[in-house]
Structures are given as structure tokens and as C-alpha cells.
Amino acid sequence: DTEVTQTPKHLVMGMTNKKSLKCEQHMGHRAMYWYKQKAKKPPELMFVYSYEKLSINESVPSRFSPECPNSSLLNLHLHALQPEDSALYLCASSQAGTNEQFFGPGTRLTVL
Amino acid sequence: AQRVTQPEKLLSVFKGAPVELKCNYSYSGSPELFWYVQYSRQRLQLLLRHISRESIKGFTADLNKGETSFHLKKPFAQEEDSAMYYCALSRTSYGKLTFGQGTILTVHP
């Protein structure tokens, strides 16, 4: 398996909902990333996990809560989001010690 | 601070014409540079990295440290090259990729 998978593909949620995004890879990569991408804009880094430990948090609001339960899985828990959080959320992974990141297809999130 | 600049938001060429997508960066150390491509309705995928010096899909890019540039070139553009192209820079062994704003390339028949 040489791909990063993300579920769900689409998610619509209200501002009071709690939901989670899931990312999975079976390439043996030990670094995993969450990015946010607005339409026609570049991805913006949110979080980096290295060996299942959070190593970078780009000052993301606490309504986004990442979790890395094991080396293959990365979750992003969402709570009390705002309409401006609507975006494509991308997961990526890489071998430890390299910067060649492999991206998933993304989850398109709409916050009503 | 590291920064990546792609001066052209849009670039249009005809099929068979040469194409060059510009990328300039600012970083005081030794950067690692990449080109990523995002075709319509597809995931972001790595096209080139300067370390490997490969030619992928006919594209090449040379790191010019003197001019702090990493321009992407292809001698004969094809319609299937139409996509969004991002230049990206990284300075650590893992972690932060800094992307440019992207260039939308359209290749007309």
C-alpha cells in the first residue's frame, strides 16, 4: 500500500458539532502532517507528528485537536468550529529524516 | 524566515511550446527545494526534488543558489500538463514545508 488515505471525503458540520477526520498510511512513515488548504491557495501546515509525538503546532486554535494513536493513524478532532474553518484538510506522511511528503486526497469540510 | 515566491499566478502556453514556471526563495541556510503538482480533482503529488536531479514527465528544475531560484522547465508542453504547480522549501529533516502561492498552468491545444 503506497497511498495515504483520508476519511471522510466530505464532511458538513454545524458549529456545535464534534467530528473527527481520519488519516491512514501503511508505508512505514514515521512523520505525519495535517494541512489546511483554502481554494486556489497553498496548503498551510497545522501539525506535525514525529514518531507519534507532536513536534510542531503552528499556533492552531484549540478547536482543532490532533491525535496520533499509532504509527499508521492520524486523527484530527474538531469541535466548535467556525464557518471560516471550511476548507480542504490534507494529511501527509514522510519517512523520518526526509522531507518528501506524500499527500492524501483530503477531506472537504464545510462548517455551517 | 524562509519564503517562496512564485511570481506568476497564471501561465498559458500552447501545446508544444516551452514552458518555465518561476520560483525564487529566501533562506539563509541550505534549503531543500521541491515542485509539487495538483491536477484537477487529484491529490497533491511530488513532481521533483532538487536533491534527486531527476526528470519527471519531461520536467527539470535546477537549483541556482546564486540567484536563489528553482525554476521548473519543460521544452515541449503537453495539454495534460495543465495543473496547479507549487514550489516548496524545507530546511529541516522533517516538518515544515513552506509553499509558494502556486502557478496555474494552462496548455492550450
# chains A, B, ... in the order shown; residues from 1 in each chain; ligands from 1
>>> interface_residues(of="chain A", to="chain B", cutoff="12 Å", atoms="only C-alpha atoms", output="MDAnalysis selection string")
chainID A and resid 3:6 29:35 37:51 54:58 88:108
>>> residues_around(residues="region 75-85 of chain A", least_positions_apart="2", cutoff="10 Å", atoms="only C-alpha atoms", output="ChimeraX atom specification")
/A:6-7,13-24,34,36-38,47,61-69,73,87-89,91,109-112
>>> closest_residue(among="A:Ser71, A:Glu52, A:Ser86, A:Val12", to="Gln25 (chain A)", atoms="only C-alpha atoms")
A:Ser71
>>> closest_residue(among="B:Ser52, B:Ser69, B:Gln78, B:Asn64", to="Pro7 (chain B)", atoms="only C-alpha atoms")
B:Ser69
>>> residues_around(residues="Val19 (chain B)", least_positions_apart="5", cutoff="7 Å", atoms="only C-alpha atoms", output="PyMOL selection string")
chain B and resi 73-75+77
>>> write_last_selection(atoms="N, CA, C and O atoms", output="PDB file, in the first residue's frame")
ATOM      1  N   LYS B  73      11.126  23.684 -15.703  1.00  0.00           N
ATOM      2  CA  LYS B  73      11.139  23.851 -17.157  1.00  0.00           C
ATOM      3  C   LYS B  73      10.713  22.577 -17.864  1.00  0.00           C
ATOM      4  O   LYS B  73      10.947  21.464 -17.375  1.00  0.00           O
ATOM      5  N   LYS B  74      10.097  22.794 -19.025  1.00  0.00           N
ATOM      6  CA  LYS B  74       9.789  21.667 -19.900  1.00  0.00           C
ATOM      7  C   LYS B  74       9.895  22.169 -21.329  1.00  0.00           C
ATOM      8  O   LYS B  74       9.324  23.214 -21.652  1.00  0.00           O
ATOM      9  N   PRO B  75      10.621  21.483 -22.194  1.00  0.00           N
ATOM     10  CA  PRO B  75      10.849  22.008 -23.542  1.00  0.00           C
ATOM     11  C   PRO B  75       9.611  21.994 -24.435  1.00  0.00           C
ATOM     12  O   PRO B  75       9.459  22.873 -25.268  1.00  0.00           O
ATOM     13  N   ALA B  77       5.522  21.582 -23.939  1.00  0.00           N
ATOM     14  CA  ALA B  77       4.380  21.399 -23.054  1.00  0.00           C
ATOM     15  C   ALA B  77       3.303  20.543 -23.707  1.00  0.00           C
ATOM     16  O   ALA B  77       3.091  20.590 -24.928  1.00  0.00           O
TER      17      ALA B  77
END
>>> residues_around(residues="Ser26 (chain B)", least_positions_apart="2", cutoff="10 Å", atoms="only C-alpha atoms", output="list in words")
Ala1, Gln2, Arg3, Val4, Thr5, Asn24, Ser28, Gly29, Pro31, Glu67, Thr68, Ser69 and Leu89 of chain B
>>> write_last_selection(atoms="N, CA, C and O atoms", output="mmCIF file, in the first residue's frame")
data_model
loop_
_atom_site.group_PDB
_atom_site.id
_atom_site.type_symbol
_atom_site.label_atom_id
_atom_site.label_comp_id
_atom_site.auth_asym_id
_atom_site.auth_seq_id
_atom_site.Cartn_x
_atom_site.Cartn_y
_atom_site.Cartn_z
ATOM 1 N N ALA B 1 13.638 34.191 8.236
ATOM 2 C CA ALA B 1 12.430 33.456 7.857
ATOM 3 C C ALA B 1 12.565 32.947 6.416
ATOM 4 O O ALA B 1 13.248 33.550 5.598
ATOM 5 N N GLN B 2 11.945 31.840 6.154
ATOM 6 C CA GLN B 2 12.001 31.302 4.803
ATOM 7 C C GLN B 2 10.765 31.716 4.030
ATOM 8 O O GLN B 2 9.678 31.808 4.593
ATOM 9 N N ARG B 3 10.960 31.980 2.752
ATOM 10 C CA ARG B 3 9.852 32.432 1.916
ATOM 11 C C ARG B 3 10.042 31.868 0.513
ATOM 12 O O ARG B 3 11.168 31.765 0.023
ATOM 13 N N VAL B 4 8.928 31.542 -0.140
ATOM 14 C CA VAL B 4 8.956 31.061 -1.517
ATOM 15 C C VAL B 4 8.047 31.960 -2.349
ATOM 16 O O VAL B 4 6.901 32.209 -1.963
ATOM 17 N N THR B 5 8.567 32.433 -3.455
ATOM 18 C CA THR B 5 7.806 33.340 -4.311
ATOM 19 C C THR B 5 7.641 32.731 -5.695
ATOM 20 O O THR B 5 8.620 32.353 -6.344
ATOM 21 N N ASN B 24 11.379 31.601 -6.775
ATOM 22 C CA ASN B 24 12.500 32.191 -6.043
ATOM 23 C C ASN B 24 12.287 31.982 -4.563
ATOM 24 O O ASN B 24 11.150 31.933 -4.096
ATOM 25 N N SER B 28 18.501 31.577 4.510
ATOM 26 C CA SER B 28 19.927 31.838 4.730
ATOM 27 C C SER B 28 20.776 30.578 4.750
ATOM 28 O O SER B 28 21.970 30.619 4.521
ATOM 29 N N GLY B 29 20.173 29.420 4.980
ATOM 30 C CA GLY B 29 20.950 28.184 5.066
ATOM 31 C C GLY B 29 20.920 27.404 3.771
ATOM 32 O O GLY B 29 20.817 27.960 2.678
ATOM 33 N N PRO B 31 18.773 25.089 1.692
ATOM 34 C CA PRO B 31 17.393 24.610 1.632
ATOM 35 C C PRO B 31 17.254 23.319 0.836
ATOM 36 O O PRO B 31 18.143 22.952 0.065
ATOM 37 N N GLU B 67 21.257 32.827 -7.583
ATOM 38 C CA GLU B 67 20.054 33.604 -7.866
ATOM 39 C C GLU B 67 18.896 33.206 -6.955
ATOM 40 O O GLU B 67 17.800 33.736 -7.108
ATOM 41 N N THR B 68 19.144 32.289 -6.037
ATOM 42 C CA THR B 68 18.105 31.734 -5.142
ATOM 43 C C THR B 68 16.850 31.403 -5.933
ATOM 44 O O THR B 68 15.742 31.877 -5.632
ATOM 45 N N SER B 69 17.025 30.593 -6.965
ATOM 46 C CA SER B 69 15.896 30.219 -7.815
ATOM 47 C C SER B 69 15.864 28.708 -8.012
ATOM 48 O O SER B 69 16.887 28.012 -7.875
ATOM 49 N N LEU B 89 9.757 24.734 -0.080
ATOM 50 C CA LEU B 89 11.086 24.739 0.530
ATOM 51 C C LEU B 89 11.014 24.135 1.912
ATOM 52 O O LEU B 89 10.041 24.347 2.650
#
>>> select_by_dssp(residues="chain B", states="strand (DSSP E)", output="ChimeraX atom specification")
/B:3-5,10-14,19-21,24-26,32-38,45-49,60-61,72-74,83-90,97-99,103-108
>>> write_last_selection(atoms="N, CA and C atoms", output="compact mmCIF listing (two decimals), in the first residue's frame")
# COMPACT_ATOMS: atom_id res chain seq x y z
N ARG B 3 10.96 31.98 2.75
CA ARG B 3 9.85 32.43 1.92
C ARG B 3 10.04 31.87 0.51
N VAL B 4 8.93 31.54 -0.14
CA VAL B 4 8.96 31.06 -1.52
C VAL B 4 8.05 31.96 -2.35
N THR B 5 8.57 32.43 -3.45
CA THR B 5 7.81 33.34 -4.31
C THR B 5 7.64 32.73 -5.69
N LEU B 10 -0.89 32.85 -13.06
CA LEU B 10 -1.43 32.15 -14.23
C LEU B 10 -0.37 32.14 -15.32
N LEU B 11 -0.28 31.01 -16.03
CA LEU B 11 0.64 30.91 -17.15
C LEU B 11 -0.04 30.10 -18.24
N SER B 12 -0.12 30.67 -19.42
CA SER B 12 -0.75 29.97 -20.55
C SER B 12 0.25 29.80 -21.67
N VAL B 13 0.30 28.59 -22.21
CA VAL B 13 1.15 28.31 -23.37
C VAL B 13 0.37 27.41 -24.31
N PHE B 14 0.87 27.30 -25.53
CA PHE B 14 0.29 26.36 -26.48
C PHE B 14 1.06 25.04 -26.44
N VAL B 19 7.94 25.76 -21.66
CA VAL B 19 7.31 26.39 -20.51
C VAL B 19 8.32 26.48 -19.37
N GLU B 20 8.25 27.60 -18.66
CA GLU B 20 9.10 27.80 -17.48
C GLU B 20 8.26 28.40 -16.37
N LEU B 21 8.18 27.72 -15.25
CA LEU B 21 7.48 28.24 -14.07
C LEU B 21 8.54 28.69 -13.09
N ASN B 24 11.38 31.60 -6.78
CA ASN B 24 12.50 32.19 -6.04
C ASN B 24 12.29 31.98 -4.56
N TYR B 25 13.36 31.85 -3.85
CA TYR B 25 13.23 31.58 -2.42
C TYR B 25 14.16 32.49 -1.63
N SER B 26 13.85 32.64 -0.37
CA SER B 26 14.75 33.34 0.53
C SER B 26 14.94 32.46 1.75
N GLU B 32 16.14 22.67 1.05
CA GLU B 32 15.74 21.57 0.18
C GLU B 32 14.52 22.07 -0.60
N LEU B 33 14.58 22.00 -1.91
CA LEU B 33 13.52 22.55 -2.75
C LEU B 33 12.76 21.45 -3.48
N PHE B 34 11.46 21.68 -3.64
CA PHE B 34 10.58 20.72 -4.28
C PHE B 34 9.64 21.45 -5.25
N TRP B 35 9.14 20.69 -6.22
CA TRP B 35 7.98 21.10 -7.01
C TRP B 35 6.89 20.04 -6.79
N TYR B 36 5.71 20.54 -6.39
CA TYR B 36 4.53 19.69 -6.26
C TYR B 36 3.53 20.10 -7.34
N VAL B 37 2.72 19.12 -7.80
CA VAL B 37 1.71 19.41 -8.81
C VAL B 37 0.36 18.90 -8.31
N GLN B 38 -0.67 19.64 -8.64
CA GLN B 38 -2.04 19.26 -8.26
C GLN B 38 -2.90 19.34 -9.51
N GLN B 45 0.81 15.99 -5.46
CA GLN B 45 1.85 14.96 -5.60
C GLN B 45 3.20 15.60 -5.93
N LEU B 46 4.24 14.94 -5.43
CA LEU B 46 5.58 15.44 -5.66
C LEU B 46 5.97 15.24 -7.12
N LEU B 47 6.48 16.30 -7.73
CA LEU B 47 6.94 16.23 -9.11
C LEU B 47 8.46 16.09 -9.16
N LEU B 48 9.15 16.98 -8.42
CA LEU B 48 10.61 16.98 -8.44
C LEU B 48 11.15 17.41 -7.09
N ARG B 49 12.34 16.91 -6.76
CA ARG B 49 13.09 17.46 -5.63
C ARG B 49 14.51 17.72 -6.12
N THR B 60 12.25 19.46 -15.69
CA THR B 60 13.50 19.55 -14.96
C THR B 60 13.52 20.84 -14.16
N ALA B 61 14.33 20.85 -13.11
CA ALA B 61 14.50 22.07 -12.32
C ALA B 61 15.90 22.07 -11.76
N LEU B 72 11.10 25.69 -12.83
CA LEU B 72 10.68 24.42 -13.43
C LEU B 72 10.54 24.61 -14.94
N LYS B 73 11.13 23.68 -15.70
CA LYS B 73 11.14 23.85 -17.16
C LYS B 73 10.71 22.58 -17.86
N LYS B 74 10.10 22.79 -19.03
CA LYS B 74 9.79 21.67 -19.90
C LYS B 74 9.90 22.17 -21.33
N ALA B 83 -2.30 22.20 -14.85
CA ALA B 83 -2.46 21.89 -13.42
C ALA B 83 -2.01 23.10 -12.61
N MET B 84 -2.13 22.96 -11.29
CA MET B 84 -1.57 23.93 -10.34
C MET B 84 -0.21 23.41 -9.91
N TYR B 85 0.79 24.26 -9.97
CA TYR B 85 2.15 23.87 -9.59
C TYR B 85 2.60 24.70 -8.39
N TYR B 86 3.12 24.01 -7.38
CA TYR B 86 3.61 24.68 -6.18
C TYR B 86 5.10 24.40 -6.02
N CYS B 87 5.84 25.44 -5.78
CA CYS B 87 7.23 25.31 -5.38
C CYS B 87 7.25 25.30 -3.84
N ALA B 88 8.10 24.48 -3.25
CA ALA B 88 8.12 24.38 -1.79
C ALA B 88 9.55 24.25 -1.30
N LEU B 89 9.76 24.73 -0.08
CA LEU B 89 11.09 24.74 0.53
C LEU B 89 11.01 24.14 1.91
N SER B 90 12.04 23.40 2.28
CA SER B 90 12.12 22.89 3.64
C SER B 90 13.54 23.05 4.14
N LEU B 97 7.18 22.36 5.46
CA LEU B 97 7.28 22.69 4.05
C LEU B 97 6.64 24.05 3.87
N THR B 98 7.38 24.98 3.31
CA THR B 98 6.81 26.29 3.00
C THR B 98 6.51 26.33 1.52
N PHE B 99 5.24 26.54 1.19
CA PHE B 99 4.82 26.55 -0.20
C PHE B 99 4.77 27.97 -0.76
N THR B 103 1.26 28.40 -9.22
CA THR B 103 1.06 28.89 -10.59
C THR B 103 0.12 27.92 -11.30
N ILE B 104 -0.96 28.46 -11.85
CA ILE B 104 -1.88 27.63 -12.64
C ILE B 104 -1.38 27.64 -14.07
N LEU B 105 -0.98 26.47 -14.54
CA LEU B 105 -0.50 26.34 -15.91
C LEU B 105 -1.63 25.80 -16.78
N THR B 106 -1.89 26.49 -17.87
CA THR B 106 -2.88 26.02 -18.85
C THR B 106 -2.16 25.83 -20.17
N VAL B 107 -2.27 24.62 -20.71
CA VAL B 107 -1.67 24.33 -22.01
C VAL B 107 -2.80 24.18 -23.02
N HIS B 108 -2.83 25.09 -23.99
CA HIS B 108 -3.90 25.10 -25.00
C HIS B 108 -3.53 24.20 -26.18
>>> atom_distance(atom1="CA of Leu63 (chain B)", atom2="CA of Ser40 (chain B)")
27.4 Å
>>> atom_distance(atom1="CA of Lys53 (chain A)", atom2="CA of Gly28 (chain A)")
15.5 Å
>>> atom_distance(atom1="CA of Gln6 (chain B)", atom2="CA of Lys22 (chain B)")
5.8 Å
